[in-house]
Amino acid sequence: MIGPSIVIKGEVTGEEDLLIQGRVEGRINLNGNQVSIGESGEVYADIQAKVIQINGKVTGDINGHEKVIISKSGNVHGNIVAPRVTLEDGAMFKGSIDMDPAVANAGRTTVAAHQPSQASTPQLKASGLDLKSV
Amino acid sequence: MSKLSTQTSKLLPLLFQHLDEERAVTVLHVGLALPETVEFFSNYRCKLHFIDVFPALPIIATEEPATTQAQQFRELLPFSSNTVFDICLFWDLFNFLDAEAIQALFTVMRPHLKKGTLAHAFSVHNRKAPQKNNFYGIQQLDALTVRDRQSTPHCYAPHSQRELTALLDDFRVERSVLLPDSRLELLLLKS
């Protein structure tokens, strides 16, 4: 987590989910993971991640490989590319949205086809584990 | 969020009738991005441009700083040069623009339109039709959601059908439907 008083300028990369309650300027690249921007979060950066949930403020372009969710407290100014985008009532958005439901459906099929049962893979909950290498 | 109601639309389905499923549809939505509109378009391969022009109204030439209406629209509608719209959802916009502003709008829009571009708009059958201070979303193929705007633009001056048809560049009115309160729903086709 990036706490409310933390300011980061530069590129954020990694292999685990990230919650941003502070301020990030630059670029965020967590391709296989989820990025959540909390209500106090302010991001002035392009974001790439598997799932992106926005409860705070984002100025920048957003690329969600699976989906992007802008919550009721979210405020986004930028362009979104994602197979699936959800805007909650009250969310503020200015920009463009590029969606392709065929990719979303194909993604769901692929995930369903390859997802092992939870009972057989409890270790996958470990932080930072690359699921694709399992 | 303001009070929500729904309104059926006979012309909205015609916008989606002949879409090429092999390629993404590019849509201009003049107004706020709403949950139901995004949900509706999530069934299509598409690129949606949401631009709410209403907070910038009235669009008038100013002396200090010196700006033309076309310059103001260029700032409001900063499309990349390769953006060409299949569908434009203008909703009530033309009722809040004077003749010069509509011409300026299409000066800016012209490079982003093509033969066959379809558009939806509301106009009036009678210029005394009362002002509707709404913004719109798409609930389903033949139904709109209607919400009240929190602030009222003070530049409501709807055009007669003849005036508007002359101002709409090379869009022609393909179909129109008379609505309550002397309003018209228009389907426009770029020839």
# chains A, B, ... in the order shown; residues from 1 in each chain; ligands from 1
>>> closest_atom_pairs(of="chain B", to="chain A", cutoff="12 Å", atoms="only C-alpha atoms", output="tab-separated table")
residue	atom	partner	partner_atom	distance
B:Met1	CA	A:Gly90	CA	6.4
B:Ser2	CA	A:Gly90	CA	9.9
B:Leu4	CA	A:Asp89	CA	11.5
B:Glu21	CA	A:Ala102	CA	10.8
B:Glu22	CA	A:Ala102	CA	11.0
B:Arg23	CA	A:Asp100	CA	10.0
B:Ala24	CA	A:Asp100	CA	7.9
B:Val25	CA	A:Asp98	CA	9.7
B:Thr26	CA	A:Asp98	CA	8.9
B:Val27	CA	A:Ser96	CA	9.4
B:Leu28	CA	A:Ser96	CA	9.1
B:His29	CA	A:Ser96	CA	9.8
B:Val30	CA	A:Lys94	CA	11.0
B:Gly31	CA	A:Lys94	CA	9.7
B:Leu32	CA	A:Phe93	CA	7.6
B:Ala33	CA	A:Phe93	CA	6.1
B:Leu34	CA	A:Leu87	CA	7.0
B:Pro35	CA	A:Leu87	CA	4.7
B:Glu36	CA	A:Leu87	CA	8.1
B:Thr37	CA	A:Leu87	CA	9.1
B:Val38	CA	A:Leu87	CA	6.8
B:Glu39	CA	A:Thr86	CA	6.8
B:Phe40	CA	A:Thr86	CA	10.5
B:Phe41	CA	A:Met99	CA	8.1
B:Ser42	CA	A:Pro101	CA	6.2
B:Asn43	CA	A:Pro101	CA	6.0
B:Tyr44	CA	A:Pro101	CA	6.4
B:Arg45	CA	A:Asp100	CA	4.3
B:Cys46	CA	A:Met99	CA	5.4
B:Lys47	CA	A:Asp98	CA	4.2
B:Leu48	CA	A:Ile97	CA	5.0
B:His49	CA	A:Ser96	CA	4.3
B:Phe50	CA	A:Gly95	CA	5.7
B:Ile51	CA	A:Lys94	CA	6.6
B:Asp52	CA	A:Lys94	CA	8.1
B:Val53	CA	A:Lys94	CA	11.1
B:Leu76	CA	A:Gly95	CA	11.1
B:Leu77	CA	A:Gly95	CA	10.2
B:Pro78	CA	A:Gly95	CA	10.0
B:Phe79	CA	A:Ser96	CA	10.0
B:Ser80	CA	A:Ser96	CA	11.5
B:Thr83	CA	A:Ser96	CA	11.3
B:Gly137	CA	A:Asp89	CA	11.9
>>> write_last_selection(atoms="C-alpha atoms", output="compact mmCIF listing (two decimals), in the first residue's frame")
# COMPACT_ATOMS: atom_id res chain seq x y z
CA MET B 1 -27.49 12.34 -8.49
CA SER B 2 -30.56 14.11 -9.86
CA LEU B 4 -34.05 9.82 -12.97
CA GLU B 21 -19.57 -6.14 -36.37
CA GLU B 22 -16.10 -6.71 -37.79
CA ARG B 23 -14.83 -3.35 -36.64
CA ALA B 24 -15.14 -1.11 -33.64
CA VAL B 25 -17.80 1.58 -33.75
CA THR B 26 -16.63 5.07 -32.84
CA VAL B 27 -19.15 7.14 -30.92
CA LEU B 28 -19.31 10.76 -29.81
CA HIS B 29 -21.57 11.26 -26.79
CA VAL B 30 -22.08 14.94 -26.02
CA GLY B 31 -22.80 14.86 -22.32
CA LEU B 32 -21.83 13.21 -19.08
CA ALA B 33 -20.68 9.62 -19.01
CA LEU B 34 -23.37 7.65 -17.21
CA PRO B 35 -23.26 4.09 -15.85
CA GLU B 36 -26.10 2.82 -18.03
CA THR B 37 -24.57 4.27 -21.21
CA VAL B 38 -21.24 2.57 -20.57
CA GLU B 39 -23.06 -0.66 -19.69
CA PHE B 40 -25.11 -0.43 -22.90
CA PHE B 41 -22.02 0.05 -25.07
CA SER B 42 -20.17 -2.76 -23.30
CA ASN B 43 -22.09 -5.08 -25.64
CA TYR B 44 -20.36 -3.48 -28.62
CA ARG B 45 -16.78 -3.35 -29.76
CA CYS B 46 -16.50 0.41 -29.55
CA LYS B 47 -14.62 3.56 -28.75
CA LEU B 48 -16.71 6.09 -26.84
CA HIS B 49 -15.82 9.75 -26.56
CA PHE B 50 -17.65 11.48 -23.72
CA ILE B 51 -17.52 15.26 -23.89
CA ASP B 52 -19.86 17.43 -21.86
CA VAL B 53 -20.07 20.74 -23.69
CA LEU B 76 -13.63 21.31 -26.17
CA LEU B 77 -13.36 18.59 -28.83
CA PRO B 78 -9.66 17.67 -29.01
CA PHE B 79 -9.98 14.60 -31.25
CA SER B 80 -6.93 12.98 -32.78
CA THR B 83 -10.84 9.89 -35.20
CA GLY B 137 -28.10 8.15 -21.02
>>> residues_around(residues="region 30-39 of chain A", least_positions_apart="5", cutoff="8 Å", atoms="only C-alpha atoms", output="JSON, numbers by chain")
{"A": [12, 13, 14, 15, 16, 17, 18, 19, 20, 21, 48, 49, 50, 51, 52, 53, 54, 55, 56, 57, 65, 73, 74, 130]}
>>> residues_around(residues="region 92-109 of chain B", least_positions_apart="5", cutoff="6 Å", atoms="only C-alpha atoms", output="list in words")
Gln69, Ala70, Phe122, Cys155, Tyr156, Ala157 and Pro158 of chain B
>>> select_by_dssp(residues="chain B", states="helix (DSSP H, G or I)", output="MDAnalysis selection string")
chainID B and resid 12:15 35:41 54:56 69:76 93:96 99:112 161:167 180:182
>>> write_last_selection(atoms="C-alpha atoms", output="mmCIF file, in the first residue's frame")
data_model
loop_
_atom_site.group_PDB
_atom_site.id
_atom_site.type_symbol
_atom_site.label_atom_id
_atom_site.label_comp_id
_atom_site.auth_asym_id
_atom_site.auth_seq_id
_atom_site.Cartn_x
_atom_site.Cartn_y
_atom_site.Cartn_z
ATOM 1 C CA LEU B 12 -32.228 5.230 -31.338
ATOM 2 C CA PRO B 13 -32.451 1.624 -32.632
ATOM 3 C CA LEU B 14 -31.858 2.874 -36.182
ATOM 4 C CA LEU B 15 -28.418 4.136 -35.178
ATOM 5 C CA PRO B 35 -23.264 4.085 -15.855
ATOM 6 C CA GLU B 36 -26.103 2.824 -18.031
ATOM 7 C CA THR B 37 -24.569 4.268 -21.211
ATOM 8 C CA VAL B 38 -21.237 2.573 -20.572
ATOM 9 C CA GLU B 39 -23.061 -0.656 -19.693
ATOM 10 C CA PHE B 40 -25.105 -0.433 -22.904
ATOM 11 C CA PHE B 41 -22.021 0.046 -25.072
ATOM 12 C CA PHE B 54 -22.841 22.132 -21.481
ATOM 13 C CA PRO B 55 -20.643 23.589 -18.697
ATOM 14 C CA ALA B 56 -18.903 25.682 -21.395
ATOM 15 C CA GLN B 69 -16.431 29.960 -31.483
ATOM 16 C CA ALA B 70 -14.438 27.520 -33.620
ATOM 17 C CA GLN B 71 -11.410 27.940 -31.327
ATOM 18 C CA GLN B 72 -13.582 27.189 -28.316
ATOM 19 C CA PHE B 73 -14.939 24.039 -29.959
ATOM 20 C CA ARG B 74 -11.418 22.943 -30.901
ATOM 21 C CA GLU B 75 -10.478 23.123 -27.226
ATOM 22 C CA LEU B 76 -13.626 21.310 -26.170
ATOM 23 C CA LEU B 93 -27.012 20.609 -27.893
ATOM 24 C CA PHE B 94 -28.350 22.416 -30.973
ATOM 25 C CA ASN B 95 -31.082 24.035 -28.876
ATOM 26 C CA PHE B 96 -28.399 25.852 -26.889
ATOM 27 C CA ALA B 99 -26.454 29.715 -35.766
ATOM 28 C CA GLU B 100 -22.785 30.802 -35.767
ATOM 29 C CA ALA B 101 -21.958 28.335 -33.001
ATOM 30 C CA ILE B 102 -23.562 25.444 -34.887
ATOM 31 C CA GLN B 103 -21.554 26.362 -37.982
ATOM 32 C CA ALA B 104 -18.397 26.570 -35.860
ATOM 33 C CA LEU B 105 -19.183 23.175 -34.342
ATOM 34 C CA PHE B 106 -19.371 21.556 -37.757
ATOM 35 C CA THR B 107 -16.238 23.355 -38.938
ATOM 36 C CA VAL B 108 -14.448 21.495 -36.153
ATOM 37 C CA MET B 109 -16.402 18.243 -36.556
ATOM 38 C CA ARG B 110 -16.196 17.986 -40.368
ATOM 39 C CA PRO B 111 -12.811 16.163 -40.518
ATOM 40 C CA HIS B 112 -14.189 13.614 -38.049
ATOM 41 C CA GLN B 161 -36.776 22.969 -38.440
ATOM 42 C CA ARG B 162 -35.936 24.871 -41.611
ATOM 43 C CA GLU B 163 -33.140 26.862 -39.922
ATOM 44 C CA LEU B 164 -31.649 23.816 -38.279
ATOM 45 C CA THR B 165 -31.715 21.760 -41.461
ATOM 46 C CA ALA B 166 -29.830 24.553 -43.228
ATOM 47 C CA LEU B 167 -27.258 24.769 -40.408
ATOM 48 C CA PRO B 180 -44.663 15.824 -26.296
ATOM 49 C CA ASP B 181 -44.117 19.546 -25.612
ATOM 50 C CA SER B 182 -43.568 20.274 -29.319
#
>>> residues_around(residues="Gln7 (chain B)", least_positions_apart="2", cutoff="7 Å", atoms="only C-alpha atoms", output="number ranges by chain")
B: 5, 9, 143-146
>>> write_last_selection(atoms="N, CA and C atoms", output="PDB file, in the first residue's frame")
ATOM      1  N   SER B   5     -35.605   9.604 -14.816  1.00  0.00           N
ATOM      2  CA  SER B   5     -36.800   9.074 -15.476  1.00  0.00           C
ATOM      3  C   SER B   5     -36.366   8.412 -16.783  1.00  0.00           C
ATOM      4  N   SER B   9     -37.491   5.721 -27.202  1.00  0.00           N
ATOM      5  CA  SER B   9     -36.956   6.343 -28.416  1.00  0.00           C
ATOM      6  C   SER B   9     -37.232   5.433 -29.611  1.00  0.00           C
ATOM      7  N   ALA B 143     -34.651   2.883 -25.324  1.00  0.00           N
ATOM      8  CA  ALA B 143     -35.025   3.646 -24.123  1.00  0.00           C
ATOM      9  C   ALA B 143     -33.850   4.468 -23.598  1.00  0.00           C
ATOM     10  N   LEU B 144     -34.159   5.728 -23.290  1.00  0.00           N
ATOM     11  CA  LEU B 144     -33.166   6.642 -22.736  1.00  0.00           C
ATOM     12  C   LEU B 144     -33.441   6.862 -21.256  1.00  0.00           C
ATOM     13  N   THR B 145     -32.397   7.173 -20.513  1.00  0.00           N
ATOM     14  CA  THR B 145     -32.600   7.694 -19.164  1.00  0.00           C
ATOM     15  C   THR B 145     -32.477   9.215 -19.242  1.00  0.00           C
ATOM     16  N   VAL B 146     -33.267   9.884 -18.434  1.00  0.00           N
ATOM     17  CA  VAL B 146     -33.302  11.351 -18.458  1.00  0.00           C
ATOM     18  C   VAL B 146     -33.090  11.855 -17.041  1.00  0.00           C
TER      19      VAL B 146
END
>>> residues_around(residues="region 176-179 of chain B", least_positions_apart="5", cutoff="12 Å", atoms="only C-alpha atoms", output="list in words")
Gln7, Thr8, Ser9, Lys10, Leu11, Leu12, Leu14, Ala119, His120, Ala121, Phe122, Ser123, Val124, His125, Asn126, Ala129, Gln161, Thr165, Leu184, Glu185, Leu186, Leu187, Leu188 and Leu189 of chain B
>>> write_last_selection(atoms="N, CA and C atoms", output="compact mmCIF listing (two decimals), in the first residue's frame")
# COMPACT_ATOMS: atom_id res chain seq x y z
N GLN B 7 -37.35 7.52 -21.04
CA GLN B 7 -38.07 8.00 -22.22
C GLN B 7 -37.82 7.01 -23.35
N THR B 8 -38.88 6.58 -23.99
CA THR B 8 -38.67 5.66 -25.11
C THR B 8 -38.16 6.43 -26.33
N SER B 9 -37.49 5.72 -27.20
CA SER B 9 -36.96 6.34 -28.42
C SER B 9 -37.23 5.43 -29.61
N LYS B 10 -37.88 6.00 -30.61
CA LYS B 10 -38.12 5.22 -31.83
C LYS B 10 -36.92 5.25 -32.77
N LEU B 11 -36.09 6.28 -32.63
CA LEU B 11 -35.01 6.46 -33.60
C LEU B 11 -33.67 5.88 -33.15
N LEU B 12 -33.51 5.75 -31.84
CA LEU B 12 -32.23 5.23 -31.34
C LEU B 12 -31.87 3.87 -31.95
N LEU B 14 -32.32 2.75 -34.79
CA LEU B 14 -31.86 2.87 -36.18
C LEU B 14 -30.37 3.22 -36.27
N ALA B 119 -26.41 10.49 -36.71
CA ALA B 119 -26.44 11.31 -35.50
C ALA B 119 -27.86 11.36 -34.94
N HIS B 120 -27.91 11.58 -33.64
CA HIS B 120 -29.19 11.71 -32.94
C HIS B 120 -29.21 13.08 -32.27
N ALA B 121 -30.37 13.74 -32.36
CA ALA B 121 -30.50 15.05 -31.71
C ALA B 121 -31.96 15.30 -31.36
N PHE B 122 -32.14 16.20 -30.40
CA PHE B 122 -33.48 16.70 -30.11
C PHE B 122 -33.58 18.13 -30.61
N SER B 123 -34.70 18.41 -31.24
CA SER B 123 -34.97 19.76 -31.71
C SER B 123 -36.39 20.13 -31.29
N VAL B 124 -36.96 21.15 -31.92
CA VAL B 124 -38.33 21.54 -31.57
C VAL B 124 -39.17 21.66 -32.82
N HIS B 125 -40.44 21.39 -32.66
CA HIS B 125 -41.41 21.58 -33.73
C HIS B 125 -41.89 23.04 -33.73
N ASN B 126 -41.89 23.60 -32.54
CA ASN B 126 -42.34 24.97 -32.36
C ASN B 126 -41.30 25.68 -31.49
N ALA B 129 -41.42 25.96 -27.77
CA ALA B 129 -41.35 24.76 -26.92
C ALA B 129 -40.54 25.07 -25.67
N GLN B 161 -37.25 24.12 -37.67
CA GLN B 161 -36.78 22.97 -38.44
C GLN B 161 -36.02 23.41 -39.69
N THR B 165 -32.09 22.58 -40.31
CA THR B 165 -31.71 21.76 -41.46
C THR B 165 -30.66 22.47 -42.30
N LEU B 184 -38.94 17.51 -31.02
CA LEU B 184 -38.69 16.56 -32.10
C LEU B 184 -37.48 15.72 -31.78
N GLU B 185 -37.56 14.46 -32.12
CA GLU B 185 -36.40 13.59 -32.07
C GLU B 185 -35.92 13.42 -33.51
N LEU B 186 -34.63 13.63 -33.75
CA LEU B 186 -34.11 13.61 -35.12
C LEU B 186 -33.08 12.52 -35.31
N LEU B 187 -33.17 11.86 -36.45
CA LEU B 187 -32.10 10.96 -36.90
C LEU B 187 -31.46 11.64 -38.11
N LEU B 188 -30.16 11.89 -38.01
CA LEU B 188 -29.44 12.63 -39.05
C LEU B 188 -28.47 11.69 -39.75
N LEU B 189 -28.32 11.90 -41.05
CA LEU B 189 -27.41 11.08 -41.85
C LEU B 189 -26.47 11.99 -42.62
>>> atom_distance(atom1="CA of Asn63 (chain A)", atom2="CA of Ser5 (chain A)")
26.0 Å
>>> select_by_dssp(residues="chain B", states="strand (DSSP E)", output="JSON, numbers by chain")
{"B": [4, 5, 6, 7, 8, 25, 26, 27, 28, 29, 30, 46, 47, 48, 49, 50, 51, 62, 63, 66, 67, 87, 88, 89, 90, 91, 118, 119, 120, 121, 122, 123, 124, 134, 135, 136, 137, 138, 139, 140, 143, 144, 145, 146, 147, 148, 171, 172, 173, 174, 175, 176, 177, 178, 179, 183, 184, 185, 186, 187, 188, 189, 190]}
>>> atom_distance(atom1="CA of Ala66 (chain B)", atom2="CA of Thr59 (chain A)")
29.0 Å
